[in-house]
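Structure data follow from work_31.cif (mmCIF, C-alpha atoms and all ligand atoms):
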```cif
data_entry
loop_
_atom_site.label_atom_id
_atom_site.label_comp_id
_atom_site.auth_asym_id
_atom_site.auth_seq_id
_atom_site.Cartn_x
_atom_site.Cartn_y
_atom_site.Cartn_z
CA MET A 2 19.97 -24.65 6.07
CA GLU A 3 22.48 -21.99 5.11
CA LEU A 4 21.13 -18.75 3.70
CA LYS A 5 23.99 -17.09 1.88
CA PHE A 6 24.28 -14.43 -0.79
CA THR A 7 26.72 -14.82 -3.69
CA PRO A 8 29.44 -12.18 -4.36
CA GLU A 9 27.26 -11.05 -7.28
CA HIS A 10 24.35 -10.47 -4.90
CA ASP A 11 26.66 -8.54 -2.59
CA ARG A 12 27.73 -6.32 -5.49
CA PHE A 13 24.09 -5.74 -6.37
CA ARG A 14 23.33 -4.85 -2.75
CA THR A 15 26.16 -2.29 -2.77
CA GLU A 16 24.85 -0.78 -6.01
CA VAL A 17 21.33 -0.46 -4.58
CA ARG A 18 22.60 0.94 -1.28
CA GLU A 19 24.71 3.54 -3.07
CA PHE A 20 21.77 4.54 -5.23
CA PHE A 21 19.56 5.20 -2.21
CA ALA A 22 22.37 7.04 -0.43
CA THR A 23 22.87 9.47 -3.32
CA ALA A 24 19.33 9.71 -4.75
CA LEU A 25 17.59 10.50 -1.48
CA THR A 26 17.86 14.22 -0.90
CA ASP A 27 17.61 15.71 2.61
CA GLU A 28 14.21 17.09 1.63
CA LEU A 29 12.90 13.64 0.64
CA ARG A 30 14.31 12.05 3.79
CA ALA A 31 12.69 14.68 6.01
CA ALA A 32 9.35 14.32 4.21
CA ARG A 33 9.46 10.56 4.86
CA ARG A 34 10.43 10.89 8.52
CA PHE A 35 7.48 13.11 9.33
CA MET A 36 4.80 11.11 7.51
CA THR A 37 2.04 9.90 9.82
CA SER A 38 0.58 7.53 7.26
CA VAL A 39 1.55 4.80 4.83
CA TYR A 40 0.89 7.39 2.10
CA CYS A 41 2.84 10.55 1.48
CA ASP A 42 1.74 13.80 -0.08
CA TYR A 43 1.43 14.01 -3.86
CA GLU A 44 4.44 16.26 -4.53
CA THR A 45 6.89 14.20 -2.47
CA GLY A 46 5.66 10.90 -3.89
CA MET A 47 5.91 12.17 -7.46
CA LYS A 48 9.43 13.56 -6.94
CA TRP A 49 10.60 10.17 -5.76
CA GLN A 50 8.65 8.37 -8.49
CA ARG A 51 10.49 10.40 -11.18
CA ILE A 52 13.88 9.58 -9.66
CA LEU A 53 13.04 5.85 -9.65
CA LEU A 54 11.69 6.04 -13.20
CA ASP A 55 14.88 7.73 -14.47
CA LYS A 56 16.91 5.00 -12.81
CA GLY A 57 14.67 2.29 -14.33
CA TRP A 58 13.76 0.91 -10.88
CA LEU A 59 10.18 2.15 -10.48
CA VAL A 60 8.34 -1.15 -11.10
CA PRO A 61 10.82 -3.99 -10.56
CA SER A 62 8.18 -6.72 -10.65
CA TRP A 63 6.50 -5.67 -13.94
CA PRO A 64 7.47 -7.52 -17.12
CA VAL A 65 10.52 -5.92 -18.76
CA GLU A 66 8.57 -4.86 -21.86
CA TYR A 67 6.41 -2.58 -19.70
CA GLY A 68 9.21 -1.10 -17.60
CA GLY A 69 10.22 -3.90 -15.19
CA THR A 70 13.84 -4.57 -14.29
CA GLY A 71 14.06 -8.28 -15.08
CA TRP A 72 15.66 -8.86 -11.67
CA THR A 73 15.67 -12.28 -10.09
CA LEU A 74 13.60 -12.88 -6.95
CA THR A 75 16.72 -12.59 -4.82
CA GLN A 76 17.57 -9.24 -6.39
CA ARG A 77 14.05 -8.01 -5.72
CA TYR A 78 14.34 -9.18 -2.14
CA ILE A 79 17.68 -7.38 -1.73
CA PHE A 80 16.16 -4.24 -3.26
CA ASN A 81 13.22 -4.38 -0.81
CA CYS A 82 15.55 -4.80 2.15
CA GLU A 83 17.74 -1.90 1.06
CA ARG A 84 14.70 0.26 0.39
CA ALA A 85 13.40 -0.47 3.88
CA ARG A 86 16.79 0.41 5.30
CA ALA A 87 17.02 3.70 3.35
CA ASN A 88 13.39 4.56 4.15
CA PRO A 89 12.49 6.66 1.08
CA PRO A 90 9.03 8.21 0.68
CA PRO A 91 6.62 5.64 -0.79
CA VAL A 92 5.24 5.98 -4.28
CA SER A 93 1.47 5.76 -4.56
CA PRO A 94 0.49 2.08 -4.85
CA MET A 95 -2.91 2.51 -6.49
CA GLY A 96 -1.60 2.71 -10.05
CA LEU A 97 1.84 1.12 -9.96
CA ALA A 98 1.20 -1.74 -7.53
CA MET A 99 -2.50 -2.43 -8.16
CA LEU A 100 -3.99 -1.26 -11.45
CA GLY A 101 -0.73 -1.76 -13.38
CA PRO A 102 -0.52 -5.51 -12.64
CA ALA A 103 -4.30 -5.81 -13.23
CA LEU A 104 -4.00 -4.22 -16.70
CA ILE A 105 -1.01 -6.41 -17.48
CA GLY A 106 -2.99 -9.49 -16.40
CA CYS A 107 -6.53 -8.62 -17.56
CA GLY A 108 -6.46 -5.49 -19.79
CA THR A 109 -6.38 -5.23 -23.58
CA GLN A 110 -3.14 -4.43 -25.39
CA THR A 111 -4.58 -1.01 -26.31
CA GLN A 112 -5.26 -0.29 -22.63
CA ARG A 113 -1.77 -1.41 -21.62
CA ASP A 114 -0.10 0.65 -24.33
CA TYR A 115 -2.05 3.76 -23.39
CA TYR A 116 -2.25 3.65 -19.60
CA LEU A 117 0.96 1.99 -18.43
CA PRO A 118 3.43 4.61 -19.77
CA ARG A 119 1.19 7.43 -18.46
CA MET A 120 1.10 5.72 -15.07
CA LEU A 121 4.89 5.40 -14.96
CA ARG A 122 5.44 9.04 -15.93
CA GLY A 123 2.83 10.22 -13.45
CA ASP A 124 0.65 11.76 -16.18
CA ASP A 125 -2.17 9.80 -14.57
CA PHE A 126 -2.63 9.51 -10.82
CA TRP A 127 -5.09 6.77 -9.90
CA CYS A 128 -7.50 6.20 -7.05
CA GLN A 129 -9.51 3.09 -6.25
CA GLY A 130 -13.32 3.31 -6.24
CA TYR A 131 -14.60 0.10 -4.70
CA SER A 132 -16.23 0.83 -1.32
CA GLU A 133 -19.62 2.44 -0.98
CA PRO A 134 -21.51 3.53 2.17
CA GLN A 135 -23.46 0.23 2.12
CA ALA A 136 -20.79 -1.93 0.48
CA GLY A 137 -17.51 -2.34 2.34
CA SER A 138 -16.77 -5.89 3.44
CA ASP A 139 -19.80 -6.99 1.47
CA LEU A 140 -18.41 -5.40 -1.68
CA ALA A 141 -20.67 -7.40 -3.98
CA SER A 142 -23.66 -5.39 -2.74
CA LEU A 143 -22.29 -2.28 -4.47
CA ALA A 144 -24.96 -0.19 -6.14
CA THR A 145 -23.25 2.56 -8.18
CA ALA A 146 -25.07 2.12 -11.47
CA ALA A 147 -23.64 2.21 -14.98
CA VAL A 148 -26.38 2.26 -17.62
CA ALA A 149 -25.33 1.70 -21.24
CA ASP A 150 -26.21 4.59 -23.56
CA GLY A 151 -24.71 4.29 -27.05
CA ASP A 152 -20.91 4.04 -26.77
CA ASP A 153 -20.99 5.30 -23.15
CA TYR A 154 -22.12 4.28 -19.72
CA VAL A 155 -23.95 6.83 -17.60
CA ILE A 156 -22.83 6.54 -13.97
CA ASN A 157 -24.84 7.49 -10.87
CA GLY A 158 -23.98 6.72 -7.26
CA THR A 159 -21.20 7.23 -4.75
CA LYS A 160 -17.88 5.76 -3.59
CA ILE A 161 -16.44 6.25 -0.11
CA TRP A 162 -13.05 6.10 1.65
CA THR A 163 -11.41 6.80 -1.70
CA THR A 164 -7.75 7.33 -0.84
CA HIS A 165 -6.14 10.33 -2.58
CA ALA A 166 -9.23 11.04 -4.69
CA HIS A 167 -8.35 14.73 -4.33
CA TYR A 168 -4.99 14.20 -6.08
CA SER A 169 -6.29 11.81 -8.73
CA ASN A 170 -7.21 12.52 -12.33
CA ARG A 171 -8.37 8.92 -12.83
CA MET A 172 -10.23 6.24 -10.91
CA PHE A 173 -10.51 2.50 -11.45
CA CYS A 174 -13.84 1.48 -10.05
CA LEU A 175 -16.51 -1.15 -9.79
CA VAL A 176 -19.95 -0.35 -11.09
CA ARG A 177 -23.17 -2.31 -11.39
CA THR A 178 -24.13 -3.02 -14.99
CA GLY A 179 -26.68 -5.74 -14.32
CA GLN A 180 -28.66 -7.74 -11.73
CA PHE A 181 -28.09 -11.50 -11.68
CA GLU A 182 -28.69 -14.23 -9.13
CA ARG A 183 -25.15 -13.95 -7.77
CA PRO A 184 -24.42 -10.32 -6.73
CA GLN A 185 -20.80 -10.72 -7.96
CA MET A 186 -22.17 -11.09 -11.49
CA GLY A 187 -23.23 -7.82 -13.09
CA VAL A 188 -20.27 -5.94 -11.61
CA THR A 189 -18.00 -4.25 -14.18
CA PHE A 190 -14.46 -2.94 -13.75
CA LEU A 191 -14.24 0.52 -15.28
CA LEU A 192 -11.63 3.26 -15.76
CA LEU A 193 -12.98 6.78 -15.42
CA ASP A 194 -11.81 10.37 -15.68
CA MET A 195 -12.12 12.21 -12.35
CA LYS A 196 -12.35 15.53 -14.23
CA ALA A 197 -15.44 14.40 -16.18
CA PRO A 198 -18.57 16.54 -15.66
CA GLY A 199 -20.68 15.22 -12.75
CA VAL A 200 -17.82 13.96 -10.51
CA THR A 201 -17.68 15.62 -7.06
CA THR A 202 -15.15 14.89 -4.30
CA ARG A 203 -15.89 15.61 -0.63
CA PRO A 204 -13.06 15.22 1.96
CA ILE A 205 -13.28 12.96 5.05
CA PRO A 206 -10.99 14.34 7.79
CA PHE A 207 -9.29 11.71 9.97
CA TYR A 208 -8.78 11.55 13.75
CA SER A 209 -5.03 11.29 13.17
CA GLY A 210 -5.15 14.76 11.59
CA ASP A 211 -4.52 13.47 8.08
CA TYR A 212 -6.65 14.16 5.04
CA GLU A 213 -6.35 11.22 2.70
CA GLN A 214 -9.83 9.84 2.08
CA SER A 215 -12.85 11.30 0.33
CA GLN A 216 -16.36 10.44 -0.67
CA VAL A 217 -16.85 10.72 -4.43
CA PHE A 218 -20.25 11.36 -6.02
CA PHE A 219 -21.28 10.57 -9.61
CA ASP A 220 -24.12 12.47 -11.15
CA ASP A 221 -24.84 11.36 -14.75
CA VAL A 222 -21.12 10.88 -15.49
CA ARG A 223 -20.46 9.61 -19.02
CA VAL A 224 -17.69 7.01 -19.43
CA PRO A 225 -16.81 5.32 -22.76
CA ARG A 226 -17.68 1.61 -22.77
CA ALA A 227 -14.20 1.01 -24.19
CA ASN A 228 -12.91 1.76 -20.66
CA VAL A 229 -14.08 -1.62 -19.33
CA VAL A 230 -11.22 -3.84 -18.13
CA GLY A 231 -12.01 -7.51 -18.77
CA GLU A 232 -15.60 -8.21 -19.73
CA GLU A 233 -18.81 -6.37 -18.95
CA HIS A 234 -20.56 -7.92 -15.89
CA LYS A 235 -17.41 -9.90 -15.08
CA GLY A 236 -15.35 -7.29 -13.22
CA TRP A 237 -15.29 -9.42 -10.09
CA SER A 238 -12.49 -11.62 -11.38
CA VAL A 239 -10.38 -8.53 -12.26
CA THR A 240 -11.05 -7.18 -8.76
CA LYS A 241 -10.02 -10.36 -7.02
CA TYR A 242 -6.84 -10.48 -9.09
CA LEU A 243 -6.03 -6.84 -8.30
CA LEU A 244 -6.79 -7.20 -4.57
CA GLU A 245 -4.20 -9.95 -4.30
CA PHE A 246 -1.60 -7.33 -5.21
CA GLU A 247 -3.09 -4.82 -2.75
CA ARG A 248 -3.06 -7.30 0.11
CA GLY A 249 0.41 -8.65 -0.21
CA GLY A 250 3.01 -8.85 -2.91
CA GLY A 251 5.33 -10.23 -0.27
CA SER A 252 7.68 -7.63 1.17
CA ALA A 253 6.45 -6.13 4.44
CA ALA A 254 9.02 -7.79 6.71
CA PRO A 255 12.14 -5.75 5.83
CA ALA A 256 10.36 -2.49 6.72
CA LEU A 257 9.01 -4.01 9.96
CA LEU A 258 12.52 -5.07 10.95
CA GLU A 259 13.70 -1.52 10.31
CA ALA A 260 10.83 -0.17 12.42
CA ILE A 261 11.87 -2.44 15.30
CA ALA A 262 15.47 -1.26 14.99
CA HIS A 263 14.26 2.32 15.00
CA VAL A 264 12.22 1.88 18.19
CA ARG A 265 15.23 0.26 19.85
CA SER A 266 17.41 3.17 18.77
CA THR A 267 15.26 5.54 20.85
CA TRP A 268 16.07 3.65 24.05
CA ARG A 269 18.75 4.33 26.59
CA ASP A 270 21.46 1.92 27.38
CA ASP A 271 20.06 -1.48 28.56
CA ALA A 272 21.51 -1.16 32.04
CA THR A 273 19.51 1.95 32.88
CA LEU A 274 16.13 0.74 31.61
CA LEU A 275 13.29 0.73 34.14
CA PRO A 276 11.41 -2.58 34.70
CA THR A 277 8.45 -1.35 32.60
CA GLU A 278 10.83 -0.43 29.79
CA ARG A 279 12.46 -3.85 30.03
CA ALA A 280 9.02 -5.42 29.56
CA LEU A 281 8.57 -3.34 26.39
CA ALA A 282 12.02 -4.42 25.21
CA ALA A 283 11.04 -8.07 25.73
CA ARG A 284 7.82 -7.53 23.75
CA LEU A 285 9.85 -6.07 20.92
CA ASP A 286 12.25 -9.03 20.99
CA ALA A 287 9.30 -11.42 20.64
CA LEU A 288 7.86 -9.32 17.81
CA GLU A 289 11.19 -9.44 16.01
CA THR A 290 11.05 -13.26 16.02
CA ASP A 291 7.54 -13.12 14.56
CA VAL A 292 8.66 -10.69 11.84
CA GLN A 293 11.55 -12.99 10.95
CA ALA A 294 9.03 -15.84 10.56
CA LEU A 295 6.89 -13.56 8.37
CA GLU A 296 9.96 -12.78 6.28
CA MET A 297 10.53 -16.48 5.56
CA THR A 298 6.86 -16.89 4.60
CA GLU A 299 7.06 -13.84 2.33
CA LEU A 300 10.09 -15.27 0.59
CA ARG A 301 8.22 -18.51 -0.06
CA CYS A 302 5.24 -16.55 -1.40
CA VAL A 303 7.47 -14.45 -3.68
CA ALA A 304 8.60 -17.71 -5.25
CA ASP A 305 4.93 -18.59 -5.66
CA ILE A 306 4.15 -15.29 -7.38
CA GLU A 307 6.93 -16.00 -9.85
CA ARG A 308 5.42 -19.38 -10.63
CA ARG A 309 1.72 -18.42 -10.81
CA GLY A 310 1.99 -14.78 -11.88
CA SER A 311 -0.04 -13.51 -8.89
CA PRO A 312 0.15 -13.95 -5.09
CA GLY A 313 -3.01 -16.12 -4.77
CA PRO A 314 -4.94 -16.43 -1.48
CA ALA A 315 -1.64 -16.41 0.44
CA SER A 316 -1.83 -12.63 0.09
CA SER A 317 -4.65 -12.69 2.68
CA MET A 318 -2.43 -14.50 5.16
CA LEU A 319 0.44 -12.06 4.52
CA LYS A 320 -1.84 -9.07 4.96
CA ILE A 321 -3.13 -10.34 8.32
CA LYS A 322 0.33 -11.06 9.69
CA ALA A 323 1.98 -7.89 8.36
CA THR A 324 -0.75 -5.55 9.62
CA GLU A 325 -1.01 -7.24 13.03
CA LEU A 326 2.74 -7.07 13.54
CA SER A 327 2.95 -3.50 12.31
CA GLN A 328 0.23 -2.46 14.76
CA GLN A 329 1.90 -4.30 17.64
CA ILE A 330 5.23 -2.62 16.86
CA SER A 331 3.58 0.80 16.79
CA GLU A 332 1.94 0.00 20.17
CA VAL A 333 5.37 -0.61 21.67
CA ALA A 334 6.62 2.54 19.93
CA VAL A 335 3.99 4.84 21.47
CA GLU A 336 4.31 3.16 24.88
CA THR A 337 8.02 3.82 24.67
CA ALA A 338 7.51 7.48 23.85
CA ALA A 339 4.69 7.77 26.43
CA TYR A 340 3.27 11.31 26.43
CA TYR A 341 6.13 12.59 24.27
CA GLY A 342 4.45 10.77 21.41
CA LEU A 343 1.24 12.75 21.80
CA PRO A 344 1.68 15.97 19.84
CA TYR A 345 2.48 15.95 16.18
CA GLN A 346 5.43 18.28 16.56
CA PRO A 347 8.40 16.09 15.81
CA ASP A 348 10.97 18.90 16.08
CA ALA A 349 9.65 19.96 19.47
CA ILE A 350 9.61 16.36 20.71
CA ALA A 351 13.17 15.70 19.60
CA THR A 352 14.45 18.87 21.28
CA HIS A 353 12.54 18.64 24.57
CA GLY A 354 12.45 14.86 25.15
CA ARG A 355 12.98 13.61 28.71
CA ALA A 356 16.56 13.36 29.93
CA GLY A 357 18.34 10.40 28.41
CA PHE A 358 15.47 9.59 26.06
CA VAL A 359 16.67 10.04 22.53
CA GLY A 360 13.19 11.13 21.43
CA PRO A 361 11.40 10.44 18.19
CA GLU A 362 13.33 11.64 15.19
CA ASP A 363 10.35 10.70 13.13
CA THR A 364 6.66 9.99 13.48
CA LEU A 365 6.85 6.23 14.10
CA THR A 366 6.73 6.75 17.86
CA THR A 367 3.90 9.29 17.74
CA THR A 368 0.20 8.76 18.31
CA PRO A 369 -0.87 10.20 14.89
CA PHE A 370 1.06 7.37 13.21
CA TYR A 371 -0.34 4.88 15.71
CA PHE A 372 -3.93 5.97 14.97
CA ASN A 373 -3.42 6.02 11.22
CA ASN A 374 -1.92 2.55 11.35
CA ARG A 375 -5.09 1.14 12.99
CA ALA A 376 -6.66 1.45 9.53
CA ALA A 377 -4.21 -1.08 8.06
CA SER A 378 -6.32 -3.99 9.29
CA ILE A 379 -9.43 -2.44 7.69
CA TYR A 380 -8.41 -1.16 4.25
CA GLY A 381 -7.90 -3.61 1.41
CA GLY A 382 -10.49 -5.82 3.16
CA SER A 383 -10.54 -6.14 6.96
CA ASN A 384 -8.58 -8.90 8.67
CA GLU A 385 -11.82 -10.71 9.51
CA ILE A 386 -12.62 -10.82 5.79
CA GLN A 387 -9.09 -12.07 5.03
CA ARG A 388 -9.69 -14.93 7.50
CA ASN A 389 -12.95 -15.76 5.71
CA ILE A 390 -11.04 -15.89 2.41
CA ILE A 391 -8.42 -18.25 3.87
CA ALA A 392 -11.17 -20.45 5.34
CA LYS A 393 -12.80 -20.75 1.92
CA ALA A 394 -9.96 -20.64 -0.59
CA VAL A 395 -7.21 -22.41 1.36
CA LEU A 396 -8.91 -24.62 3.94
CA GLY A 397 -11.94 -25.39 1.75
CA LEU A 398 -14.37 -24.77 4.63
C1 LIG B 401 -7.65 4.37 5.62
C2 LIG B 401 -8.59 3.71 4.68
C3 LIG B 401 -8.37 3.79 3.32
C4 LIG B 401 -9.25 3.20 2.43
N1 LIG B 401 -9.05 3.38 1.09
C5 LIG B 401 -9.94 2.89 0.22
C6 LIG B 401 -9.81 3.15 -1.17
O1 LIG B 401 -8.87 3.81 -1.62
N2 LIG B 401 -10.76 2.66 -2.00
C7 LIG B 401 -11.82 1.92 -1.58
O2 LIG B 401 -12.62 1.49 -2.38
N3 LIG B 401 -11.98 1.66 -0.25
C8 LIG B 401 -11.08 2.14 0.65
N4 LIG B 401 -11.24 1.90 2.00
C9 LIG B 401 -12.44 1.19 2.46
C10 LIG B 401 -12.16 -0.20 2.99
O3 LIG B 401 -11.90 -1.10 1.95
C11 LIG B 401 -13.37 -0.59 3.85
O4 LIG B 401 -13.38 0.26 4.96
C12 LIG B 401 -13.31 -2.02 4.29
O5 LIG B 401 -13.49 -2.91 3.21
C13 LIG B 401 -14.35 -2.34 5.38
O6 LIG B 401 -15.61 -1.94 4.97
P1 LIG B 401 -16.54 -1.02 5.93
O7 LIG B 401 -15.72 0.14 6.38
O8 LIG B 401 -17.80 -0.76 5.21
O9 LIG B 401 -16.80 -1.90 7.22
P2 LIG B 401 -17.91 -3.04 7.38
O10 LIG B 401 -17.94 -3.89 6.17
O11 LIG B 401 -19.19 -2.42 7.78
O12 LIG B 401 -17.32 -3.91 8.57
C14 LIG B 401 -17.49 -3.52 9.93
C15 LIG B 401 -16.86 -4.62 10.80
O13 LIG B 401 -17.56 -5.87 10.62
C16 LIG B 401 -16.65 -6.90 10.23
N5 LIG B 401 -17.29 -7.78 9.25
C17 LIG B 401 -18.05 -7.39 8.19
N6 LIG B 401 -18.46 -8.47 7.49
C18 LIG B 401 -17.95 -9.57 8.11
C19 LIG B 401 -17.99 -10.97 7.86
N7 LIG B 401 -18.67 -11.47 6.82
N8 LIG B 401 -17.33 -11.80 8.69
C20 LIG B 401 -16.62 -11.32 9.75
N9 LIG B 401 -16.55 -9.99 10.05
C21 LIG B 401 -17.19 -9.12 9.24
C22 LIG B 401 -15.46 -6.16 9.60
O14 LIG B 401 -14.28 -6.92 9.68
C23 LIG B 401 -15.40 -4.90 10.46
O15 LIG B 401 -14.69 -5.18 11.64
C24 LIG B 401 -10.37 2.47 2.91
C25 LIG B 401 -10.58 2.36 4.29
C26 LIG B 401 -9.72 2.97 5.17
C27 LIG B 401 -10.00 2.85 6.64
#
```
Please re-express this file's structure in structure tokens.
Amino acid sequence: MELKFTPEHDRFRTEVREFFATALTDELRAARRFMTSVYCDYETGMKWQRILLDKGWLVPSWPVEYGGTGWTLTQRYIFNCERARANPPPVSPMGLAMLGPALIGCGTQTQRDYYLPRMLRGDDFWCQGYSEPQAGSDLASLATAAVADGDDYVINGTKIWTTHAHYSNRMFCLVRTGQFERPQMGVTFLLLDMKAPGVTTRPIPFYSGDYEQSQVFFDDVRVPRANVVGEEHKGWSVTKYLLEFERGGGSAAPALLEAIAHVRSTWRDDATLLPTERALAARLDALETDVQALEMTELRCVADIERRGSPGPASSMLKIKATELSQQISEVAVETAAYYGLPYQPDAIATHGRAGFVGPEDTLTTTPFYFNNRAASIYGGSNEIQRNIIAKAVLGL
């Protein structure tokens, strides 16, 4: 098999590369380098989002009528690779990568016309209200109640681990509107205003030093019934559809390959590596092979998304592989940095690194990133749950 790009693809690659080279300011690059999480702060993310929006490249995979680029799969793949190479700050995925596709797939035209442009412009910043203290993996046991009262629902209950709730003016959430034999029935997918009276947000500080998650409380919060996405009691199907986008739209490998290259770039010349460092280098070589295999699988799945319109249960497989590999790479990264990876003081580390050790120029080789990245196999449904989904939906067990 020969994998080759056409001259047209090469021209497209050059165009994308030049865009990243000129659009990424020093400030944006520095903000990205010192992130300890997959998320960046609101201001940085929004700055980058506006630049992408102006260029018309914010949501390449959306249909053109809603702001997509109309690129072919190969162009999208090239864009992802170049983005990974340029390493810009990420834009928040909750609206653009999750709710957006869900509204396009399951919302009404009125909802699409109202919410999608606001999402693109950043007028609305979304958070995801699924998990509750007693409903994480077993999401269907969620208890936050929405009781119909005229044209509104009245909401009481709580959501937990809500990423970026403190930045958000809107939440898409799952609420219980009824009790049926199957707990998945009676769950409704609802859009609510975080500034509505009765909504309280309490921060959850993380061991890595980041503040990204909150617990959100609802105390008699009124939400118009027109804010239901899909049908009342049938929010589970919208949720499953949306989660496929959260778990894997098929482009983790390019960034993982860049991460591997970055860890390698912190090493001395091969000839002077100690035996323990050689062992780490060998581990990284093996991981690179695994990432290349993941990349091929992602490419196949991207073709599938094009055909079916959504990733399907393959997204569970991609999420498992991508998060496992990412965590293994960050293990090698912190072992490489040893105790220089401990403090979150990237400037100090780069200046005072041991002789010959290039030192982390960003947070990838630091323990705060390592700790934050442990959450990747929990959020969006833990890897154990992803395996259960594969057993059921793919293997028919
Ligand atoms: C950083 C971070 C960000 C998050 N952001 C959001 C967010 O924005 N919005 C949101 O709604 N939620 C969010 N979450 C919550 C996340 O979705 C849940 O943490 C996750 O679904 C697991 O639920 P839990 O924490 O209640 O763990 P539990 O469900 O209690 O699971 C505990 C352990 O038991 C295992 N387990 C549970 N059930 C089974 C089973 N049936 N078979 C095999 N193993 C099982 C799990 O894999 C896990 O290892 C976030 C979580 C984290 C860590």
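Between atom C23 of ligand LIG 401 (chain B) and atom CA of A:Pro314 the interatomic distance comes to 19.6 Å.
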Mind dumping a table of every chain A residue within 9 Å of ligand LIG 401 (chain B), with the nearest atom pair and its distance in Å to one decimal, using only C-alpha atoms and all ligand atoms, sorted by chain and rising number, as a Markdown table?
```
| residue | atom | partner | partner_atom | distance |
| --- | --- | --- | --- | --- |
| A:Ser38 | CA | B:LIG401 | C1 | 9.0 |
| A:Met95 | CA | B:LIG401 | O1 | 7.8 |
| A:Cys128 | CA | B:LIG401 | O1 | 6.1 |
| A:Gln129 | CA | B:LIG401 | N2 | 4.5 |
| A:Gly130 | CA | B:LIG401 | O2 | 4.3 |
| A:Tyr131 | CA | B:LIG401 | O2 | 3.4 |
| A:Ser132 | CA | B:LIG401 | O2 | 3.8 |
| A:Glu133 | CA | B:LIG401 | O2 | 7.2 |
| A:Pro134 | CA | B:LIG401 | O8 | 6.4 |
| A:Gln135 | CA | B:LIG401 | O8 | 6.5 |
| A:Ala136 | CA | B:LIG401 | O8 | 5.7 |
| A:Gly137 | CA | B:LIG401 | O6 | 3.3 |
| A:Ser138 | CA | B:LIG401 | O10 | 3.6 |
| A:Asp139 | CA | B:LIG401 | O10 | 5.9 |
| A:Leu140 | CA | B:LIG401 | O5 | 7.4 |
| A:Lys160 | CA | B:LIG401 | O2 | 6.9 |
| A:Ile161 | CA | B:LIG401 | N3 | 6.4 |
| A:Trp162 | CA | B:LIG401 | C8 | 4.5 |
| A:Thr163 | CA | B:LIG401 | O1 | 3.9 |
| A:Thr164 | CA | B:LIG401 | O1 | 3.8 |
| A:His165 | CA | B:LIG401 | O1 | 7.1 |
| A:Ala166 | CA | B:LIG401 | O1 | 7.9 |
| A:Cys174 | CA | B:LIG401 | O2 | 7.8 |
| A:Leu175 | CA | B:LIG401 | O2 | 8.8 |
| A:Phe207 | CA | B:LIG401 | C1 | 8.7 |
| A:Glu213 | CA | B:LIG401 | C1 | 7.6 |
| A:Gln214 | CA | B:LIG401 | C3 | 6.3 |
| A:Ser215 | CA | B:LIG401 | O1 | 8.7 |
| A:Asn373 | CA | B:LIG401 | C1 | 7.2 |
| A:Asn374 | CA | B:LIG401 | C1 | 8.3 |
| A:Arg375 | CA | B:LIG401 | C27 | 8.2 |
| A:Ala376 | CA | B:LIG401 | C27 | 4.6 |
| A:Ala377 | CA | B:LIG401 | C1 | 6.9 |
| A:Ser378 | CA | B:LIG401 | C27 | 8.2 |
| A:Ile379 | CA | B:LIG401 | C12 | 5.2 |
| A:Tyr380 | CA | B:LIG401 | C10 | 4.1 |
| A:Gly381 | CA | B:LIG401 | O3 | 4.8 |
| A:Gly382 | CA | B:LIG401 | O5 | 4.2 |
| A:Ser383 | CA | B:LIG401 | O14 | 4.7 |
| A:Asn384 | CA | B:LIG401 | O14 | 6.1 |
| A:Glu385 | CA | B:LIG401 | O14 | 4.5 |
| A:Ile386 | CA | B:LIG401 | N8 | 5.6 |
| A:Gln387 | CA | B:LIG401 | O14 | 8.7 |
| A:Arg388 | CA | B:LIG401 | C20 | 8.1 |
| A:Asn389 | CA | B:LIG401 | N8 | 6.6 |
```
(request) Have a look at A:Ser62, A:Leu74, A:His10, A:Asp194 and name the one nearest to A:Ala98; count all atoms listed in the file. (result) A:Ser62
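As for atom CA of A:Val335 and atom CA of A:Ala262, they are spaced 14.5 Å apart.
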(message) Counting only C-alpha atoms, which residue out of A:Ser317, A:Val92, A:Ile79, A:Ser331 sits closest to A:Leu59?
(response) A:Val92
So which residues touch A:Gln185 within 9 Å, counting only C-alpha atoms, skipping near sequence neighbours fewer than 3 positions away, as a PDB file with C-alpha atoms, in the coordinates of the input?
```pdb
ATOM      1  CA  LEU A 140     -18.410  -5.400  -1.680  1.00  0.00           C
ATOM      2  CA  ALA A 141     -20.670  -7.400  -3.980  1.00  0.00           C
ATOM      3  CA  SER A 142     -23.660  -5.390  -2.740  1.00  0.00           C
ATOM      4  CA  PHE A 181     -28.090 -11.500 -11.680  1.00  0.00           C
ATOM      5  CA  GLU A 182     -28.690 -14.230  -9.130  1.00  0.00           C
ATOM      6  CA  VAL A 188     -20.270  -5.940 -11.610  1.00  0.00           C
ATOM      7  CA  HIS A 234     -20.560  -7.920 -15.890  1.00  0.00           C
ATOM      8  CA  LYS A 235     -17.410  -9.900 -15.080  1.00  0.00           C
ATOM      9  CA  GLY A 236     -15.350  -7.290 -13.220  1.00  0.00           C
ATOM     10  CA  TRP A 237     -15.290  -9.420 -10.090  1.00  0.00           C
TER      11      TRP A 237
END
```
(message) Give me the residues near A:Val200 as JSON, numbers by chain, where near means some atom within 8 Å (using only C-alpha atoms) and where sequence neighbours in that chain fewer than 6 positions away do not count.
(response) {"A": [217, 218, 219, 220, 222]}
(request) Would you work out the distance separating atom CA of A:Lys56 from atom CA of A:Asp124, expressed in Å to one decimal? (result) 17.9 Å
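You can rank A:Thr37, A:Trp268, A:Arg226, A:Leu319 by their closest distance to A:Phe372 using all atoms listed in the file, and at the top of that list sits A:Thr37.
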